[in-house]
Amino acid sequence: MHVPLYQAKADFFRMLGHPVRIRVLELLQHGPVPVRDLLADIDIEPSSLSQQLAVLRRSGIVVSIREGSTVSYALAGGDVADLLRAARRILTELLAGQNQLLSQLQQADTTAAEVPAAGSLLTGRGSPRPTP
């Protein structure tokens, strides 16, 4: 059975859609990392980390390397690191746009607070009542 490319892409992004998996991939960008170091960097139970590593390994994104009693993981290729860098650039642009919008909204709120409501100067509406 043939899977359409858009479906394969959706499955791929769904597989990446877990914070622990993303964190593992970020940690592996600079080379192989022993499981004990992954556990030290990620506050997670060993069994949960093992499950997430198994998902990444089954997908072919990471490979395991055994050296004696030490098991390390590494990215299977550099494209995943490129994808993570692209995601950071996209998020940076999105957040910069949101910060710009937030700044404009705050500026508009400040300006609106300084300017009396329309008609309040002419009718006296909106001015405080004198205290008796």
# chains A, B, ... in the order shown; residues from 1 in each chain; ligands from 1
$ select_by_dssp --residues "chain A" --states "helix (DSSP H, G or I)" --output "ChimeraX atom specification"
/A:5-16,19-28,35-41,46-59,79-114,120-123
$ residues_around --residues "A:Ser64" --least-positions-apart "5" --cutoff "9 Å" --atoms "only C-alpha atoms" --output "ChimeraX atom specification"
/A:32,57,71-75
$ select_by_dssp --residues "chain A" --states "strand (DSSP E or B)" --output "NGL selection string"
:A and (33-34 or 62-67 or 70-75)
$ write_last_selection --atoms "N, CA, C and O atoms" --output "PDB file, in the first residue's frame"
ATOM      1  N   VAL A  33      25.909  10.768  22.710  1.00  0.00           N
ATOM      2  CA  VAL A  33      25.766  11.052  24.137  1.00  0.00           C
ATOM      3  C   VAL A  33      25.377   9.760  24.849  1.00  0.00           C
ATOM      4  O   VAL A  33      24.421   9.093  24.433  1.00  0.00           O
ATOM      5  N   PRO A  34      26.112   9.403  25.923  1.00  0.00           N
ATOM      6  CA  PRO A  34      25.737   8.214  26.699  1.00  0.00           C
ATOM      7  C   PRO A  34      24.365   8.397  27.349  1.00  0.00           C
ATOM      8  O   PRO A  34      23.982   9.517  27.713  1.00  0.00           O
ATOM      9  N   VAL A  62      17.713   8.162  15.130  1.00  0.00           N
ATOM     10  CA  VAL A  62      18.892   7.988  15.975  1.00  0.00           C
ATOM     11  C   VAL A  62      19.385   6.550  15.864  1.00  0.00           C
ATOM     12  O   VAL A  62      18.642   5.646  15.476  1.00  0.00           O
ATOM     13  N   VAL A  63      20.645   6.372  16.215  1.00  0.00           N
ATOM     14  CA  VAL A  63      21.241   5.039  16.278  1.00  0.00           C
ATOM     15  C   VAL A  63      21.860   4.870  17.660  1.00  0.00           C
ATOM     16  O   VAL A  63      22.272   5.843  18.292  1.00  0.00           O
ATOM     17  N   SER A  64      21.885   3.626  18.112  1.00  0.00           N
ATOM     18  CA  SER A  64      22.530   3.338  19.390  1.00  0.00           C
ATOM     19  C   SER A  64      23.928   2.787  19.120  1.00  0.00           C
ATOM     20  O   SER A  64      24.155   2.089  18.133  1.00  0.00           O
ATOM     21  N   ILE A  65      24.837   3.118  20.023  1.00  0.00           N
ATOM     22  CA  ILE A  65      26.234   2.692  19.914  1.00  0.00           C
ATOM     23  C   ILE A  65      26.622   2.079  21.259  1.00  0.00           C
ATOM     24  O   ILE A  65      26.510   2.739  22.292  1.00  0.00           O
ATOM     25  N   ARG A  66      27.055   0.836  21.230  1.00  0.00           N
ATOM     26  CA  ARG A  66      27.470   0.173  22.471  1.00  0.00           C
ATOM     27  C   ARG A  66      28.986   0.084  22.509  1.00  0.00           C
ATOM     28  O   ARG A  66      29.614  -0.416  21.591  1.00  0.00           O
ATOM     29  N   GLU A  67      29.546   0.597  23.597  1.00  0.00           N
ATOM     30  CA  GLU A  67      30.992   0.508  23.842  1.00  0.00           C
ATOM     31  C   GLU A  67      31.160  -0.085  25.231  1.00  0.00           C
ATOM     32  O   GLU A  67      31.028   0.634  26.232  1.00  0.00           O
ATOM     33  N   THR A  70      28.612   0.745  28.162  1.00  0.00           N
ATOM     34  CA  THR A  70      28.018   2.063  27.925  1.00  0.00           C
ATOM     35  C   THR A  70      27.262   2.086  26.604  1.00  0.00           C
ATOM     36  O   THR A  70      27.799   1.704  25.561  1.00  0.00           O
ATOM     37  N   VAL A  71      26.012   2.546  26.674  1.00  0.00           N
ATOM     38  CA  VAL A  71      25.207   2.719  25.465  1.00  0.00           C
ATOM     39  C   VAL A  71      25.063   4.216  25.226  1.00  0.00           C
ATOM     40  O   VAL A  71      24.664   4.972  26.124  1.00  0.00           O
ATOM     41  N   SER A  72      25.421   4.620  24.027  1.00  0.00           N
ATOM     42  CA  SER A  72      25.278   6.014  23.621  1.00  0.00           C
ATOM     43  C   SER A  72      24.320   6.088  22.444  1.00  0.00           C
ATOM     44  O   SER A  72      24.093   5.090  21.754  1.00  0.00           O
ATOM     45  N   TYR A  73      23.787   7.272  22.241  1.00  0.00           N
ATOM     46  CA  TYR A  73      22.917   7.512  21.087  1.00  0.00           C
ATOM     47  C   TYR A  73      23.493   8.652  20.272  1.00  0.00           C
ATOM     48  O   TYR A  73      24.148   9.547  20.811  1.00  0.00           O
ATOM     49  N   ALA A  74      23.236   8.588  18.965  1.00  0.00           N
ATOM     50  CA  ALA A  74      23.704   9.625  18.048  1.00  0.00           C
ATOM     51  C   ALA A  74      22.643   9.827  16.968  1.00  0.00           C
ATOM     52  O   ALA A  74      21.835   8.927  16.703  1.00  0.00           O
ATOM     53  N   LEU A  75      22.661  10.998  16.367  1.00  0.00           N
ATOM     54  CA  LEU A  75      21.781  11.248  15.231  1.00  0.00           C
ATOM     55  C   LEU A  75      22.225  10.365  14.073  1.00  0.00           C
ATOM     56  O   LEU A  75      23.420  10.185  13.846  1.00  0.00           O
TER      57      LEU A  75
END
$ atom_distance --atom1 "atom CA of A:Ala81" --atom2 "atom CA of A:Gly97"
24.5 Å
$ residues_around --residues "A:Arg21" --least-positions-apart "6" --cutoff "9 Å" --atoms "only C-alpha atoms" --output "JSON, numbers by chain"
{"A": [15, 49, 52, 53, 55, 56]}
$ closest_residue --among "A:Ile61, A:Ala96, A:Ala112, A:Ala10" --to "A:Leu83" --atoms "only C-alpha atoms"
A:Ile61
$ closest_residue --among "A:Ile44, A:Leu102, A:Ile22, A:Leu27" --to "A:Ala87" --atoms "only C-alpha atoms"
A:Ile22
$ closest_residue --among "A:Phe13, A:Ser47, A:Ser59, A:Gln7" --to "A:Val35" --atoms "only C-alpha atoms"
A:Ser47
$ closest_residue --among "A:Leu84, A:Ala8, A:Asp79, A:Glu45" --to "A:Leu25" --atoms "only C-alpha atoms"
A:Leu84
$ atom_distance --atom1 "atom CA of A:Gly60" --atom2 "atom CA of A:Arg88"
22.3 Å
